[in-house]
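**Student:** Following this line is data_34.txt, made up of compact mmCIF, C-alpha atoms:
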# COMPACT_ATOMS: atom_id res chain seq x y z
CA MET G 1 -0.11 -46.32 7.98
CA VAL G 2 -3.44 -44.52 7.77
CA HIS G 3 -6.33 -44.64 5.33
CA VAL G 4 -7.21 -41.24 3.83
CA ASN G 5 -9.57 -39.79 1.24
CA VAL G 6 -7.90 -37.27 -1.08
CA LEU G 7 -9.81 -34.80 -3.26
CA TYR G 8 -8.45 -33.25 -6.45
CA HIS G 9 -9.62 -29.91 -7.80
CA SER G 10 -8.86 -27.84 -10.88
CA PHE G 11 -5.84 -29.04 -12.83
CA LEU G 12 -5.02 -31.65 -10.18
CA ARG G 13 -8.18 -33.44 -11.26
CA THR G 14 -7.23 -33.07 -14.91
CA LEU G 15 -3.77 -34.53 -14.33
CA SER G 16 -4.86 -37.35 -12.05
CA HIS G 17 -7.97 -38.12 -14.14
CA LYS G 18 -10.01 -38.43 -10.97
CA ALA G 19 -11.93 -36.24 -8.55
CA GLY G 20 -10.57 -38.12 -5.60
CA GLU G 21 -9.39 -41.42 -4.28
CA GLU G 22 -8.92 -43.39 -1.07
CA PHE G 23 -5.68 -45.08 -0.17
CA ASP G 24 -3.33 -45.99 2.66
CA THR G 25 -0.36 -43.72 3.25
CA GLU G 26 2.77 -43.78 5.35
CA ALA G 27 3.43 -40.08 4.78
CA GLY G 28 4.46 -38.39 7.99
CA ASN G 29 2.79 -35.13 7.13
CA LEU G 30 0.73 -33.48 4.41
CA ALA G 31 3.81 -32.13 2.65
CA GLU G 32 5.14 -35.66 2.23
CA LEU G 33 1.76 -36.85 1.04
CA TYR G 34 1.65 -34.11 -1.60
CA SER G 35 5.19 -34.99 -2.71
CA ASP G 36 4.13 -38.61 -3.13
CA LEU G 37 1.21 -37.52 -5.30
CA GLN G 38 3.39 -35.14 -7.30
CA ALA G 39 5.63 -38.08 -8.15
CA ARG G 40 2.64 -40.24 -9.04
CA TYR G 41 0.69 -37.76 -11.18
CA GLY G 42 3.20 -35.10 -12.19
CA PHE G 43 1.53 -32.24 -10.37
CA PRO G 44 3.59 -29.24 -11.50
CA LEU G 45 3.19 -26.78 -8.65
CA ASP G 46 5.37 -26.68 -5.60
CA ARG G 47 3.34 -27.01 -2.42
CA ARG G 48 4.35 -23.46 -1.42
CA GLN G 49 2.05 -22.27 -4.20
CA MET G 50 -0.79 -24.40 -2.88
CA ARG G 51 -2.96 -24.71 0.19
CA VAL G 52 -4.21 -27.82 1.89
CA ALA G 53 -7.43 -28.51 3.74
CA VAL G 54 -8.33 -31.35 6.05
CA ASN G 55 -11.95 -32.17 6.76
CA GLN G 56 -13.15 -28.88 5.26
CA GLU G 57 -10.73 -26.70 7.25
CA PHE G 58 -7.52 -25.10 6.03
CA SER G 59 -4.55 -26.92 7.50
CA SER G 60 -0.76 -26.69 7.55
CA TRP G 61 1.64 -28.83 5.55
CA GLU G 62 3.29 -30.01 8.76
CA GLU G 63 0.14 -31.67 10.04
CA SER G 64 0.07 -35.46 10.05
CA PRO G 65 -2.70 -37.27 8.21
CA HIS G 66 -5.08 -39.21 10.40
CA GLY G 67 -7.18 -42.21 9.53
CA GLY G 68 -10.43 -41.20 7.88
CA ASP G 69 -9.27 -37.69 7.01
CA THR G 70 -10.56 -36.06 3.85
CA ILE G 71 -7.63 -34.12 2.44
CA ALA G 72 -7.93 -31.56 -0.36
CA PHE G 73 -4.95 -30.04 -2.11
CA LEU G 74 -5.96 -26.62 -3.32
CA PRO G 75 -4.29 -25.01 -6.35
CA PRO G 76 -4.09 -21.21 -6.57
CA VAL G 77 -7.63 -19.95 -6.80
CA SER G 78 -9.04 -18.05 -9.77
CA GLY G 79 -12.60 -17.12 -8.90
CA GLY G 80 -14.13 -13.70 -9.16
CA MET H 1 -28.48 -13.63 6.64
CA THR H 2 -25.96 -15.66 4.67
CA LEU H 3 -23.30 -13.31 3.37
CA PHE H 4 -21.97 -15.53 0.58
CA ARG H 5 -23.42 -18.23 -1.55
CA LEU H 6 -22.67 -20.19 -4.70
CA SER H 7 -25.16 -20.44 -7.53
CA GLN H 8 -25.57 -22.82 -10.43
CA GLU H 9 -28.22 -20.49 -11.86
CA PRO H 10 -27.71 -17.17 -13.70
CA LEU H 11 -27.36 -14.24 -11.31
CA ASP H 12 -30.20 -11.72 -11.13
CA PRO H 13 -28.71 -8.36 -10.15
CA THR H 14 -32.11 -6.79 -9.49
CA ALA H 15 -33.11 -9.50 -7.04
CA LEU H 16 -29.70 -9.44 -5.37
CA ARG H 17 -29.80 -5.66 -5.02
CA ALA H 18 -33.18 -5.98 -3.31
CA GLU H 19 -31.58 -8.15 -0.64
CA LEU H 20 -29.48 -5.15 0.40
CA GLU H 21 -32.53 -3.03 1.23
CA VAL H 22 -31.89 -2.81 4.95
CA PRO H 23 -32.16 -0.08 7.58
CA ASP H 24 -29.11 2.22 7.76
CA GLY H 25 -27.88 0.91 4.41
CA ASP H 26 -28.60 3.91 2.19
CA ASN H 27 -25.13 4.03 0.62
CA VAL H 28 -24.71 1.00 -1.59
CA VAL H 29 -21.75 -0.12 -3.67
CA VAL H 30 -22.44 -2.86 -6.21
CA PHE H 31 -19.84 -4.70 -8.25
CA GLU H 32 -20.46 -7.20 -11.03
CA ALA H 33 -17.81 -9.40 -12.63
CA HIS H 34 -18.39 -11.02 -16.01
CA VAL H 35 -16.62 -13.64 -18.07
CA PRO H 36 -14.15 -11.63 -20.17
CA ARG H 37 -14.89 -11.42 -23.87
CA THR H 38 -11.18 -11.44 -24.69
CA GLU H 39 -8.00 -12.44 -22.88
CA ASN H 40 -4.73 -11.11 -24.30
CA HIS H 41 -6.63 -10.10 -27.45
CA VAL H 42 -7.89 -13.66 -27.97
CA PRO H 43 -11.68 -14.19 -27.85
CA VAL H 44 -12.91 -16.14 -24.83
CA LEU H 45 -15.62 -18.61 -25.77
CA LYS H 46 -16.65 -19.80 -22.32
CA ALA H 47 -15.47 -20.24 -18.76
CA GLY H 48 -16.19 -22.98 -16.27
CA TYR H 49 -16.19 -22.35 -12.54
CA GLU H 50 -15.93 -24.96 -9.83
CA ALA H 51 -15.53 -24.66 -6.07
CA TYR H 52 -14.62 -26.72 -3.07
CA GLY H 53 -18.15 -25.92 -2.03
CA ASP H 54 -18.46 -26.12 1.73
CA LEU H 55 -15.02 -24.69 2.40
CA ALA H 56 -15.53 -21.93 -0.16
CA VAL H 57 -18.78 -20.83 1.47
CA LYS H 58 -17.32 -21.06 4.95
CA GLU H 59 -14.20 -19.07 4.07
CA ALA H 60 -16.07 -16.40 2.11
CA ASN H 61 -18.62 -15.99 4.89
CA ARG H 62 -15.77 -15.56 7.36
CA ILE H 63 -14.17 -12.88 5.16
CA LEU H 64 -17.41 -10.98 4.65
CA ALA H 65 -18.42 -11.19 8.31
CA GLU H 66 -15.05 -9.76 9.30
CA LEU H 67 -15.45 -6.85 6.89
CA LYS H 68 -19.06 -6.25 7.91
CA GLU H 69 -17.97 -5.86 11.50
CA ARG H 70 -14.83 -3.85 10.71
CA TYR H 71 -16.72 -1.26 8.63
CA SER H 72 -20.00 -1.41 10.59
CA LEU H 73 -21.86 -2.26 7.40
CA ALA H 74 -25.61 -2.53 7.33
CA ALA H 75 -25.28 -5.44 4.91
CA ILE H 76 -22.86 -7.18 2.58
CA LEU H 77 -23.66 -9.93 0.12
CA CYS H 78 -21.73 -11.81 -2.52
CA VAL H 79 -22.88 -14.57 -4.87
CA HIS H 80 -20.51 -16.47 -7.14
CA ARG H 81 -21.68 -18.41 -10.14
CA LEU H 82 -20.60 -22.00 -10.80
CA GLY H 83 -20.83 -24.09 -13.95
CA THR H 84 -20.12 -23.26 -17.58
CA LEU H 85 -20.71 -19.64 -18.58
CA ARG H 86 -20.56 -17.85 -21.91
CA ALA H 87 -18.37 -14.80 -22.48
CA GLY H 88 -20.10 -11.78 -20.98
CA GLU H 89 -22.17 -13.73 -18.44
CA MET H 90 -22.05 -12.55 -14.84
CA THR H 91 -19.74 -14.59 -12.64
CA LEU H 92 -19.92 -12.65 -9.39
CA TRP H 93 -22.20 -10.10 -7.79
CA LEU H 94 -21.08 -8.19 -4.72
CA GLY H 95 -22.89 -5.48 -2.80
CA ALA H 96 -22.09 -3.55 0.35
CA ALA H 97 -24.56 -1.26 2.12
CA SER H 98 -23.61 1.23 4.79
CA GLY H 99 -24.60 4.46 6.40
CA GLN H 100 -21.23 5.79 5.23
CA SER H 101 -20.30 5.82 1.53
CA ARG H 102 -16.55 5.46 2.05
CA GLU H 103 -16.94 2.39 4.23
CA ALA H 104 -19.10 0.73 1.60
CA PHE H 105 -16.41 1.29 -1.05
CA TRP H 106 -13.59 0.05 1.14
CA ALA H 107 -15.47 -3.01 2.24
CA ALA H 108 -16.53 -3.93 -1.29
CA ALA H 109 -13.01 -3.54 -2.68
CA GLN H 110 -11.43 -5.55 0.09
CA ALA H 111 -14.11 -8.23 -0.08
CA LEU H 112 -13.44 -8.69 -3.78
CA ASP H 113 -9.68 -8.89 -3.28
CA ALA H 114 -9.99 -11.38 -0.45
CA ILE H 115 -12.47 -13.60 -2.25
CA LYS H 116 -10.31 -13.68 -5.38
CA LYS H 117 -7.27 -14.53 -3.32
CA HIS H 118 -8.50 -16.95 -0.67
CA VAL H 119 -11.77 -18.64 -1.57
CA PRO H 120 -11.31 -22.04 -3.25
CA ILE H 121 -12.98 -21.39 -6.59
CA TRP H 122 -11.29 -22.20 -9.89
CA LYS H 123 -11.84 -21.11 -13.47
CA LYS H 124 -11.22 -23.01 -16.68
CA GLU H 125 -11.27 -20.87 -19.80
CA LYS H 126 -11.87 -21.95 -23.37
CA SER H 127 -10.49 -19.51 -25.93
CA GLY H 128 -10.99 -19.00 -29.64
CA ASN H 129 -7.45 -20.19 -30.31
CA GLY H 130 -8.33 -23.69 -29.12
CA ARG H 131 -6.92 -23.39 -25.61
CA ASN H 132 -8.98 -24.87 -22.81
CA GLU H 133 -7.01 -24.39 -19.62
CA TRP H 134 -7.31 -23.91 -15.91
CA VAL H 135 -6.44 -20.37 -14.96
CA VAL H 136 -3.63 -20.16 -12.43
CA THR H 137 -3.21 -16.70 -11.00
CA PRO H 138 0.45 -16.37 -10.01
CA GLN H 139 -0.03 -13.79 -7.30
CA ASN H 140 -2.23 -16.12 -5.31
CA LYS H 141 -0.31 -17.30 -2.33
CA PRO H 142 -1.39 -18.72 0.99
CA ALA H 143 -0.94 -15.33 2.59
CA SER H 144 -2.47 -14.41 5.90
CA ARG H 145 -5.78 -12.63 5.66
CA THR H 146 -5.24 -9.03 6.63
CA PHE H 147 -7.39 -6.19 5.45
CA GLN H 148 -5.88 -2.74 5.22
CA SER H 149 -7.86 0.39 4.58
CA PRO H 150 -6.68 2.18 1.45
Could you render the structure as structure tokens?

**Tutor:**
Amino acid sequence: MVHVNVLYHSFLRTLSHKAGEEFDTEAGNLAELYSDLQARYGFPLDRRQMRVAVNQEFSSWEESPHGGDTIAFLPPVSGG
Amino acid sequence: MTLFRLSQEPLDPTALRAELEVPDGDNVVVFEAHVPRTENHVPVLKAGYEAYGDLAVKEANRILAELKERYSLAAILCVHRLGTLRAGEMTLWLGAASGQSREAFWAAAQALDAIKKHVPIWKKEKSGNGRNEWVVTPQNKPASRTFQSP
């Protein structure tokens, strides 16, 4: 189990009612962690439509979370 | 020179254009994006922009640096507005300066595409019909960043 800090942007923040949170997770990788949060907050998008970043760098869904990581799940962007 | 930055303040196109006054940059392409006044024939009242700040700046700088080198630009600069904007307000200013006009056009077009597709910035739009929703652009996918000349 590792302790992580998760950030929510865009509609993820709206649905979770928070900008971020810290918790312990047993997820084996970032895909599992996102699935856990989908179940908790009802995030509608499949992870294949999203990106994930760890400690301010884009990461892959297969990466394992490490203690102290800041993880951001990134919905499809709409800037410009 | 920082190639990309985020701004909470209104964008000043005259001041931004002045930043592109560099040697060998006599051909300049400038693009401005504004909050749309209508979306699907419905008036847009305002739009809010937020970013995953540090990563957005880092990723956009990487994109612009790659294009600057690829097209041997004299300069390229993009500024994206954050916060709540009224319909018609400028959301993005982009300029590319080059000794070659075609390269400036290509670089500007590809920079805009890449920023819209890859840089973590999100828009929430409030419309005259009461909708106040995050905009999700379906074509955005975590695709690899490749830039093809037209």

**Student:** Atom CA of G:Ala27 and atom CA of G:Gly67, how far apart in Å?

**Tutor:**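 Between these atoms lies a distance of 11.8 Å.
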
**Student:** Skip G:Lys18 itself and residues of its chain fewer than 6 positions away, then list as JSON, numbers by chain all residues within 12 Å of it, counting only C-alpha atoms.

**Tutor:** {"G": [6, 7, 8, 9, 10, 11, 12, 41]}

**Student:** Compute the distance from (-18.4, -23.7, -0.5) to each atom, counting all atoms listed in the file, keep the residues with any atom at most 10 Å away, and return them as number ranges by chain; use the coordinates of the file.

**Tutor:** G: 56; H: 4-6, 50-61, 119-121

**Student:** Please build the interface table for chain G against chain H with a cut-off of 8 Å, listing for each qualifying residue the nearest atom pair and the distance in Å to one decimal; count only C-alpha atoms, order rows by chain and increasing number, and write it as CSV.

**Tutor:**
residue,atom,partner,partner_atom,distance
G:His9,CA,H:Tyr52,CA,7.6
G:Ser10,CA,H:Trp122,CA,6.2
G:Phe11,CA,H:Trp134,CA,6.2
G:Arg48,CA,H:Lys141,CA,7.8
G:Gln49,CA,H:Lys141,CA,5.8
G:Met50,CA,H:Pro142,CA,6.9
G:Arg51,CA,H:Pro142,CA,6.2
G:Gln56,CA,H:Leu55,CA,5.4
G:Glu57,CA,H:Leu55,CA,6.8
G:Leu74,CA,H:Pro120,CA,7.0
G:Pro75,CA,H:Val136,CA,7.8
G:Pro76,CA,H:Asn140,CA,5.6
G:Val77,CA,H:Trp122,CA,5.3
G:Ser78,CA,H:Trp122,CA,4.7
G:Gly79,CA,H:Ile121,CA,4.9
G:Gly80,CA,H:Lys116,CA,5.4

**Student:** Counting all atoms listed in the file, figure out which residue out of G:Val2, G:Ser64, G:Thr14, G:Val54 gets nearest to G:Gly42.

**Tutor:** G:Thr14

**Student:** Do you have the atom CA of G:Trp61-atom CA of H:Leu3 distance handy?

**Tutor:**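 Computing it gives 29.5 Å between the two atoms.
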
**Student:** Between atom CA of G:Arg47 and atom CA of H:Ala65, measure the distance and give it in Å to one decimal.

**Tutor:** 29.0 Å

**Student:** Every residue with an atom at most 12 Å from (-9.9, -40.0, 10.1) (file coordinates; all atoms listed in the file) is what I'm after, so could you write them as a PDB file with C-alpha atoms, in the frame of the given file?

**Tutor:**
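Full text of result_29.pdb as output:
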ATOM      1  CA  MET G   1      -0.110 -46.320   7.980  1.00  0.00           C
ATOM      2  CA  VAL G   2      -3.440 -44.520   7.770  1.00  0.00           C
ATOM      3  CA  HIS G   3      -6.330 -44.640   5.330  1.00  0.00           C
ATOM      4  CA  VAL G   4      -7.210 -41.240   3.830  1.00  0.00           C
ATOM      5  CA  ASN G   5      -9.570 -39.790   1.240  1.00  0.00           C
ATOM      6  CA  VAL G   6      -7.900 -37.270  -1.080  1.00  0.00           C
ATOM      7  CA  GLU G  22      -8.920 -43.390  -1.070  1.00  0.00           C
ATOM      8  CA  ASP G  24      -3.330 -45.990   2.660  1.00  0.00           C
ATOM      9  CA  VAL G  54      -8.330 -31.350   6.050  1.00  0.00           C
ATOM     10  CA  ASN G  55     -11.950 -32.170   6.760  1.00  0.00           C
ATOM     11  CA  SER G  64       0.070 -35.460  10.050  1.00  0.00           C
ATOM     12  CA  PRO G  65      -2.700 -37.270   8.210  1.00  0.00           C
ATOM     13  CA  HIS G  66      -5.080 -39.210  10.400  1.00  0.00           C
ATOM     14  CA  GLY G  67      -7.180 -42.210   9.530  1.00  0.00           C
ATOM     15  CA  GLY G  68     -10.430 -41.200   7.880  1.00  0.00           C
ATOM     16  CA  ASP G  69      -9.270 -37.690   7.010  1.00  0.00           C
ATOM     17  CA  THR G  70     -10.560 -36.060   3.850  1.00  0.00           C
ATOM     18  CA  ILE G  71      -7.630 -34.120   2.440  1.00  0.00           C
TER      19      ILE G  71
END

**Student:** Could you check which of H:Val42, H:Ala108, H:Val28, H:Leu11 is closest to H:Leu64, using all atoms listed in the file?

**Tutor:** H:Ala108

**Student:** Which one of H:Gln110, H:Asn27, H:Asn40, H:Ser127 sits closest to H:Arg86 if you count only C-alpha atoms?

**Tutor:**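 Ranking H:Gln110, H:Asn27, H:Asn40, H:Ser127 by distance to H:Arg86, first place goes to H:Ser127.
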